Amino acid sequence: MSKTLLKPPDQLELTEAELKEEVTRILTANNPHAPQNIVRYSFKERAYKPISYVDQLAIHFSLDGNLLLRDSDEGRRQSAKIGLEPEVEETEVKEEGSKEDIPEAGEGEEPPPHSRKEQKLTNQFNFCERASQTFNNPVRERACQMEPPPRATFSATANQWEIYDAYVEELQKLEKSKEKEKQKPLVAKKEDKARGRKLTSLESQSDDVTKVTKAAKIVERMVNQNTFDDLAQDFKYFEDPADEYRDQEGTLLPLWKFQYDKAKRLAVTAICWNPKYKDLFAVGHGSYDFMKQSRGMLLLYTMKNPSFPEYIFNSESGIMCLDIHNDHPYLLVVGFYDGNVAIYNLKKSHSQPGYKSSAKSGKHTDPVWQVKWQKDDLDNNLNFFSISSDGRIVSWTLVKNELVHSDVIKLSVEGTTMEGPEGLQLQTIGCGTSFDFHKKIDYLFLVGTEEGKIYKCSKSYSSQFLDTFDAHHMAVDAVSWNPYHMKVFISCSSDWTVKIWDHTIKTPMFIFDLNSAVGDVAWAPYSSTIFAAVTTDGKAHVFDLSINKYEAICSQPVVAKKKNKITHVQFNPIYPIIIIGDDRGHVTCLKLSPNLRKMPKEKKGQEIQKGPEVEITKLDKLLNLVREPANKPKK
Amino acid sequence: MAEVEETLKRIQAHKGVIGTIVVNAEGIPIRTTLDNSTTVQYAGLLHQLTMKARSTVRDIDPQNDLTFLRIRSKKHEIMVAPGNL
């Protein structure tokens, strides 16, 4: 090789001077190919203007790759087609994105359970499903059923009164158990039990009708009230207005009439109001006729039921008199025509008397004309008195379920001792027909006799009378002490007269002649000057001594037929009515008009004095008027 | 027992009484003098009314009790006496 410089043929030949010339060459980033004179039209200046800046970029080489962004449209399309498995990029996505939804939504079109499970892709060509089923045992039901417990439907209402009833029952049970403890005699207990058993067995056997007893009674009374409605209204409210114009007279308004079929032939021989139940009264039936003596009846009526008696008792002998005990209003004592006395107990259901006297126990030998209860004696035994035509006044006491008698007085007619055989002095025995005990002085009582005399006696003296009054010419039918005045009594007789006496004076204060035999006389319970008398001609007379001293202020025929004699009269203790019994067996109830019930008028400026003292003074005044002329010799 | 029968007879025989019905505690008629359909009707209706009346009276005052009930109409009067149990 040669170290010579080869000069190419076309090399420039330059002179040395030219070779020393420095030529500066500047490197710029300018693109030599870039146009330098681009002009644009500017509408603002309406001229073409050169653009200052020209793009100097020169692309030397470009090559298009085939990588796509995953998120781009094309990328998504392609990944959907392929169904790419998620790789690491996915976990990255997960960790990155707090919003999993978005990337998952982005991949939503891919099968969802990316996060959950891997879906097995089945081979479409070589796949068969193989399942197996186990053998299931058949299910058998086994149950056990018992008999259901017995059920009953219970319903009740809880009211105030149901509660009250329950309490009342409890109370009653307690009381019963207390009573059982207190019961002393065992015998009585057994009897009670036996009776109790009998009662229960009867109830279970009998029809339901027995339970209706009380209701039936009420309905009967209601029906009667309807039928006798006007009478009931009259009884309660009617006051005779005509009485204002008739100063000195009054009337008796007839109300109910009580009668019983089986007692139609029997005369009313006694009537008595019940002291406790003011609408209940007792009627004794018998006969006054000596020749026609038959059976007797004792009936109790109430004003609430005029058509049928409440209690009915039959007896073999006619009843002559009766009395109801004040403290025990269920005990009645009855005197018979055959001389017996008996006590009926209304509480007991049988129709026989509780206790009856007999010939052995000292019954009377003649009809018993009056009986009267006395206060219980010292041993708390019941006792009563009876008077009879055989001249004996007997006191009966109920001792240990038996009647024991003791003669109190033997009535003898004074001044008629006769000489009997062998020099015995025989006393003719008087016949007692009525008696009455003093209200306040216990031992003092009056006796009326068949001879017309009235004896004042004392329980303590058995043979002597305290006093004798020559009262009437015929038998004394009734004597009665004045309810207010201590000294006054009244007597009536078949000799047509009614007499009022002061027991200290031998002669009567007042004498009334009624033109017919007087059957009965009774004082009014509300006034000391009013009394009623009934006569055998069917009239009732009411007297008021403070209004008219000589005549009755009311004389009214009461019974329908003229031959009907009135036998007894009684005032009701509280209502202004009287009941009258006649000898046909009817009892009529009459209302007293206002004039007959006059109370003392109060004077202006004075206080109204209530009480029995007023009545006493009223009567006293009258008596004083009468007494003074009585002191003078009478004509 | 015969007393109740007597009383019922007397009530029926009383003037102005058309008929009587006796009803037991459940409201079933046990004795009647009217024909069957009337009895059943009356018994049913009156039983209810009586119960109502009784509960009214007792609600107002438990110590009180109904004694009887009267219904007066233009043509008749019905009287009911409840029995006590």
# chains A, B, ... in the order shown; residues from 1 in each chain; ligands from 1

$ closest_atom_pairs --of "chain A" --to "chain B" --cutoff "9 Å" --atoms "only C-alpha atoms" --output "JSON lines"
{"residue": "A:Asn159", "atom": "CA", "partner": "B:Asp59", "partner_atom": "CA", "distance": 7.2}
{"residue": "A:Gln160", "atom": "CA", "partner": "B:Asp59", "partner_atom": "CA", "distance": 6.1}
{"residue": "A:Trp161", "atom": "CA", "partner": "B:Pro62", "partner_atom": "CA", "distance": 4.6}
{"residue": "A:Glu162", "atom": "CA", "partner": "B:Pro62", "partner_atom": "CA", "distance": 8.1}
{"residue": "A:Ile163", "atom": "CA", "partner": "B:Pro62", "partner_atom": "CA", "distance": 8.6}
{"residue": "A:Tyr164", "atom": "CA", "partner": "B:Pro62", "partner_atom": "CA", "distance": 6.2}
{"residue": "A:Asp165", "atom": "CA", "partner": "B:Pro62", "partner_atom": "CA", "distance": 8.1}
{"residue": "A:Ser206", "atom": "CA", "partner": "B:Met1", "partner_atom": "CA", "distance": 8.3}
{"residue": "A:Asp207", "atom": "CA", "partner": "B:Met1", "partner_atom": "CA", "distance": 9.0}
{"residue": "A:Asp208", "atom": "CA", "partner": "B:Asn24", "partner_atom": "CA", "distance": 6.8}
{"residue": "A:Val209", "atom": "CA", "partner": "B:Val4", "partner_atom": "CA", "distance": 7.2}
{"residue": "A:Thr210", "atom": "CA", "partner": "B:Met1", "partner_atom": "CA", "distance": 5.9}
{"residue": "A:Lys211", "atom": "CA", "partner": "B:Gly83", "partner_atom": "CA", "distance": 7.3}
{"residue": "A:Val212", "atom": "CA", "partner": "B:Gly83", "partner_atom": "CA", "distance": 6.0}
{"residue": "A:Thr213", "atom": "CA", "partner": "B:Val4", "partner_atom": "CA", "distance": 5.5}
{"residue": "A:Lys214", "atom": "CA", "partner": "B:Gly83", "partner_atom": "CA", "distance": 6.8}
{"residue": "A:Ala215", "atom": "CA", "partner": "B:Gly83", "partner_atom": "CA", "distance": 5.2}
{"residue": "A:Ala216", "atom": "CA", "partner": "B:Leu8", "partner_atom": "CA", "distance": 6.6}
{"residue": "A:Lys217", "atom": "CA", "partner": "B:Thr7", "partner_atom": "CA", "distance": 7.1}
{"residue": "A:Ile218", "atom": "CA", "partner": "B:Ala81", "partner_atom": "CA", "distance": 6.5}
{"residue": "A:Val219", "atom": "CA", "partner": "B:Ala81", "partner_atom": "CA", "distance": 6.0}
{"residue": "A:Glu220", "atom": "CA", "partner": "B:Ile11", "partner_atom": "CA", "distance": 5.7}
{"residue": "A:Met222", "atom": "CA", "partner": "B:Met79", "partner_atom": "CA", "distance": 7.7}
{"residue": "A:Val223", "atom": "CA", "partner": "B:Ile11", "partner_atom": "CA", "distance": 7.3}
{"residue": "A:Asn224", "atom": "CA", "partner": "B:His14", "partner_atom": "CA", "distance": 8.2}
{"residue": "A:Thr227", "atom": "CA", "partner": "B:Lys15", "partner_atom": "CA", "distance": 7.5}
{"residue": "A:Phe308", "atom": "CA", "partner": "B:Arg10", "partner_atom": "CA", "distance": 8.7}

$ write_last_selection --atoms "N, CA, C and O atoms" --output "short mmCIF file (atom, residue, chain, number, x, y, z; two decimals), in the first residue's frame"
data_model
loop_
_atom_site.label_atom_id
_atom_site.label_comp_id
_atom_site.auth_asym_id
_atom_site.auth_seq_id
_atom_site.Cartn_x
_atom_site.Cartn_y
_atom_site.Cartn_z
N ASN A 159 -120.26 -9.32 86.89
CA ASN A 159 -120.99 -8.08 87.15
C ASN A 159 -120.77 -7.69 88.58
O ASN A 159 -120.31 -8.48 89.39
N GLN A 160 -121.23 -6.52 88.89
CA GLN A 160 -121.13 -6.13 90.29
C GLN A 160 -121.99 -7.02 91.15
O GLN A 160 -121.62 -7.37 92.27
N TRP A 161 -123.14 -7.41 90.60
CA TRP A 161 -124.01 -8.18 91.46
C TRP A 161 -123.61 -9.63 91.53
O TRP A 161 -123.91 -10.29 92.52
N GLU A 162 -122.91 -10.13 90.56
CA GLU A 162 -122.40 -11.48 90.70
C GLU A 162 -121.38 -11.53 91.84
O GLU A 162 -121.35 -12.46 92.64
N ILE A 163 -120.58 -10.49 91.88
CA ILE A 163 -119.59 -10.42 92.95
C ILE A 163 -120.29 -10.33 94.30
O ILE A 163 -119.93 -11.01 95.27
N TYR A 164 -121.33 -9.49 94.34
CA TYR A 164 -122.07 -9.34 95.58
C TYR A 164 -122.68 -10.66 96.02
O TYR A 164 -122.62 -11.04 97.19
N ASP A 165 -123.27 -11.37 95.07
CA ASP A 165 -123.87 -12.67 95.39
C ASP A 165 -122.85 -13.61 95.97
O ASP A 165 -123.12 -14.33 96.94
N SER A 206 -138.77 -34.20 92.87
CA SER A 206 -140.00 -33.51 92.46
C SER A 206 -139.78 -32.72 91.19
O SER A 206 -138.66 -32.49 90.75
N ASP A 207 -140.85 -32.31 90.67
CA ASP A 207 -140.84 -31.53 89.45
C ASP A 207 -140.27 -30.15 89.74
O ASP A 207 -140.15 -29.75 90.88
N ASP A 208 -140.00 -29.44 88.69
CA ASP A 208 -139.46 -28.10 88.89
C ASP A 208 -140.48 -27.15 89.46
O ASP A 208 -140.15 -26.04 89.81
N VAL A 209 -141.71 -27.58 89.51
CA VAL A 209 -142.75 -26.63 89.88
C VAL A 209 -142.59 -26.11 91.30
O VAL A 209 -142.98 -25.01 91.63
N THR A 210 -141.98 -26.93 92.17
CA THR A 210 -141.89 -26.47 93.56
C THR A 210 -141.02 -25.24 93.71
O THR A 210 -141.20 -24.45 94.61
N LYS A 211 -140.09 -25.07 92.80
CA LYS A 211 -139.22 -23.90 92.93
C LYS A 211 -139.97 -22.63 92.60
O LYS A 211 -139.48 -21.54 92.81
N VAL A 212 -141.13 -22.81 92.04
CA VAL A 212 -141.86 -21.63 91.60
C VAL A 212 -142.80 -21.10 92.68
O VAL A 212 -143.54 -20.17 92.46
N THR A 213 -142.76 -21.73 93.85
CA THR A 213 -143.72 -21.37 94.91
C THR A 213 -143.79 -19.88 95.14
O THR A 213 -144.85 -19.27 95.09
N LYS A 214 -142.63 -19.33 95.40
CA LYS A 214 -142.62 -17.91 95.75
C LYS A 214 -143.10 -17.06 94.57
O LYS A 214 -143.90 -16.14 94.73
N ALA A 215 -142.59 -17.41 93.40
CA ALA A 215 -142.98 -16.63 92.23
C ALA A 215 -144.48 -16.75 91.98
O ALA A 215 -145.14 -15.76 91.63
N ALA A 216 -145.01 -17.94 92.18
CA ALA A 216 -146.44 -18.14 91.96
C ALA A 216 -147.25 -17.28 92.93
O ALA A 216 -148.26 -16.68 92.57
N LYS A 217 -146.75 -17.21 94.16
CA LYS A 217 -147.46 -16.39 95.15
C LYS A 217 -147.47 -14.92 94.72
O LYS A 217 -148.49 -14.23 94.81
N ILE A 218 -146.30 -14.49 94.26
CA ILE A 218 -146.22 -13.09 93.84
C ILE A 218 -147.16 -12.83 92.67
O ILE A 218 -147.86 -11.81 92.63
N VAL A 219 -147.19 -13.77 91.73
CA VAL A 219 -148.06 -13.56 90.57
C VAL A 219 -149.52 -13.54 91.00
O VAL A 219 -150.31 -12.73 90.51
N GLU A 220 -149.85 -14.41 91.96
CA GLU A 220 -151.24 -14.41 92.41
C GLU A 220 -151.61 -13.05 92.99
O GLU A 220 -152.67 -12.49 92.74
N MET A 222 -150.22 -10.25 92.30
CA MET A 222 -150.28 -9.26 91.23
C MET A 222 -151.62 -9.31 90.51
O MET A 222 -152.21 -8.26 90.21
N VAL A 223 -152.06 -10.53 90.25
CA VAL A 223 -153.34 -10.67 89.55
C VAL A 223 -154.47 -10.09 90.40
O VAL A 223 -155.34 -9.39 89.90
N ASN A 224 -154.39 -10.36 91.70
CA ASN A 224 -155.41 -9.81 92.59
C ASN A 224 -155.34 -8.30 92.64
O ASN A 224 -156.36 -7.62 92.68
N THR A 227 -157.16 -7.12 89.69
CA THR A 227 -158.60 -7.26 89.77
C THR A 227 -159.20 -6.25 90.74
O THR A 227 -160.22 -5.63 90.47
N PHE A 308 -157.90 -15.41 98.52
CA PHE A 308 -157.58 -16.72 99.09
C PHE A 308 -156.75 -16.53 100.35
O PHE A 308 -155.85 -15.70 100.37
#

$ select_by_dssp --residues "region 225-470 of chain A" --states "alpha helix (DSSP H)" --output "ChimeraX atom specification"
/A:225-227,229-237

$ residues_around --residues "Asp583 (chain A)" --least-positions-apart "3" --cutoff "6 Å" --atoms "only C-alpha atoms" --output "ChimeraX atom specification"
/A:267-268,565

$ write_last_selection --atoms "all heavy atoms" --output "mmCIF file, in the first residue's frame"
data_model
loop_
_atom_site.group_PDB
_atom_site.id
_atom_site.type_symbol
_atom_site.label_atom_id
_atom_site.label_comp_id
_atom_site.auth_asym_id
_atom_site.auth_seq_id
_atom_site.Cartn_x
_atom_site.Cartn_y
_atom_site.Cartn_z
ATOM 1 N N ALA A 267 -169.598 -19.119 111.254
ATOM 2 C CA ALA A 267 -169.565 -17.710 111.631
ATOM 3 C C ALA A 267 -168.155 -17.316 112.023
ATOM 4 O O ALA A 267 -167.354 -18.141 112.455
ATOM 5 C CB ALA A 267 -170.504 -17.474 112.811
ATOM 6 N N VAL A 268 -167.889 -16.043 111.859
ATOM 7 C CA VAL A 268 -166.595 -15.521 112.323
ATOM 8 C C VAL A 268 -166.699 -15.325 113.821
ATOM 9 O O VAL A 268 -167.552 -14.579 114.304
ATOM 10 C CB VAL A 268 -166.287 -14.184 111.633
ATOM 11 C CG1 VAL A 268 -165.079 -13.538 112.269
ATOM 12 C CG2 VAL A 268 -166.078 -14.405 110.156
ATOM 13 N N LYS A 565 -175.548 -11.166 111.067
ATOM 14 C CA LYS A 565 -175.155 -10.459 112.278
ATOM 15 C C LYS A 565 -173.657 -10.231 112.257
ATOM 16 O O LYS A 565 -172.887 -11.093 111.852
ATOM 17 C CB LYS A 565 -175.482 -11.289 113.518
ATOM 18 C CG LYS A 565 -176.905 -11.699 113.627
ATOM 19 C CD LYS A 565 -177.079 -12.602 114.832
ATOM 20 C CE LYS A 565 -178.324 -13.437 114.666
ATOM 21 N NZ LYS A 565 -178.396 -14.492 115.670
#

$ residues_around --residues "Ala540 (chain A)" --least-positions-apart "3" --cutoff "6 Å" --atoms "only C-alpha atoms" --output "PyMOL selection string"
chain A and resi 533-534+555-556

$ residues_around --residues "Val283 (chain A)" --least-positions-apart "2" --cutoff "6 Å" --atoms "only C-alpha atoms" --output "PDB file with C-alpha atoms, in the first residue's frame"
ATOM      1  CA  ALA A 270    -162.664 -14.116 116.384  1.00  0.00           C
ATOM      2  CA  ILE A 271    -160.439 -11.769 114.444  1.00  0.00           C
ATOM      3  CA  LEU A 298    -158.523 -20.893 111.393  1.00  0.00           C
ATOM      4  CA  LEU A 299    -157.655 -18.765 108.395  1.00  0.00           C
TER       5      LEU A 299
END

$ atom_distance --atom1 "CA of Leu322 (chain A)" --atom2 "CA of Leu466 (chain A)"
26.7 Å

$ residues_around --residues "Thr617 (chain A)" --least-positions-apart "5" --cutoff "10 Å" --atoms "only C-alpha atoms" --output "PyMOL selection string"
chain A and resi 484-485+528+612+622-623

$ write_last_selection --atoms "N, CA, C and O atoms" --output "CSV table (one decimal), in the first residue's frame"
chain,number,residue,atom,x,y,z
A,484,TYR,N,-155.0,4.4,126.1
A,484,TYR,CA,-154.2,5.5,126.6
A,484,TYR,C,-154.4,5.8,128.1
A,484,TYR,O,-153.5,5.9,128.9
A,485,HIS,N,-155.7,5.9,128.4
A,485,HIS,CA,-156.0,6.3,129.8
A,485,HIS,C,-155.9,5.1,130.7
A,485,HIS,O,-156.4,4.0,130.4
A,528,SER,N,-157.8,8.3,122.1
A,528,SER,CA,-158.4,7.7,123.3
A,528,SER,C,-159.9,7.9,123.4
A,528,SER,O,-160.5,7.4,124.2
A,612,PRO,N,-149.1,9.9,123.8
A,612,PRO,CA,-150.3,9.4,124.6
A,612,PRO,C,-150.8,10.4,125.6
A,612,PRO,O,-151.9,10.4,126.0
A,622,LEU,N,-163.0,15.2,129.3
A,622,LEU,CA,-164.4,14.7,129.1
A,622,LEU,C,-164.9,14.1,130.4
A,622,LEU,O,-166.0,14.3,130.8
A,623,LEU,N,-164.0,13.3,131.0
A,623,LEU,CA,-164.5,12.6,132.2
A,623,LEU,C,-164.8,13.5,133.3
A,623,LEU,O,-165.8,13.4,134.0

$ atom_distance --atom1 "CA of Arg295 (chain A)" --atom2 "CA of Ser315 (chain A)"
5.9 Å
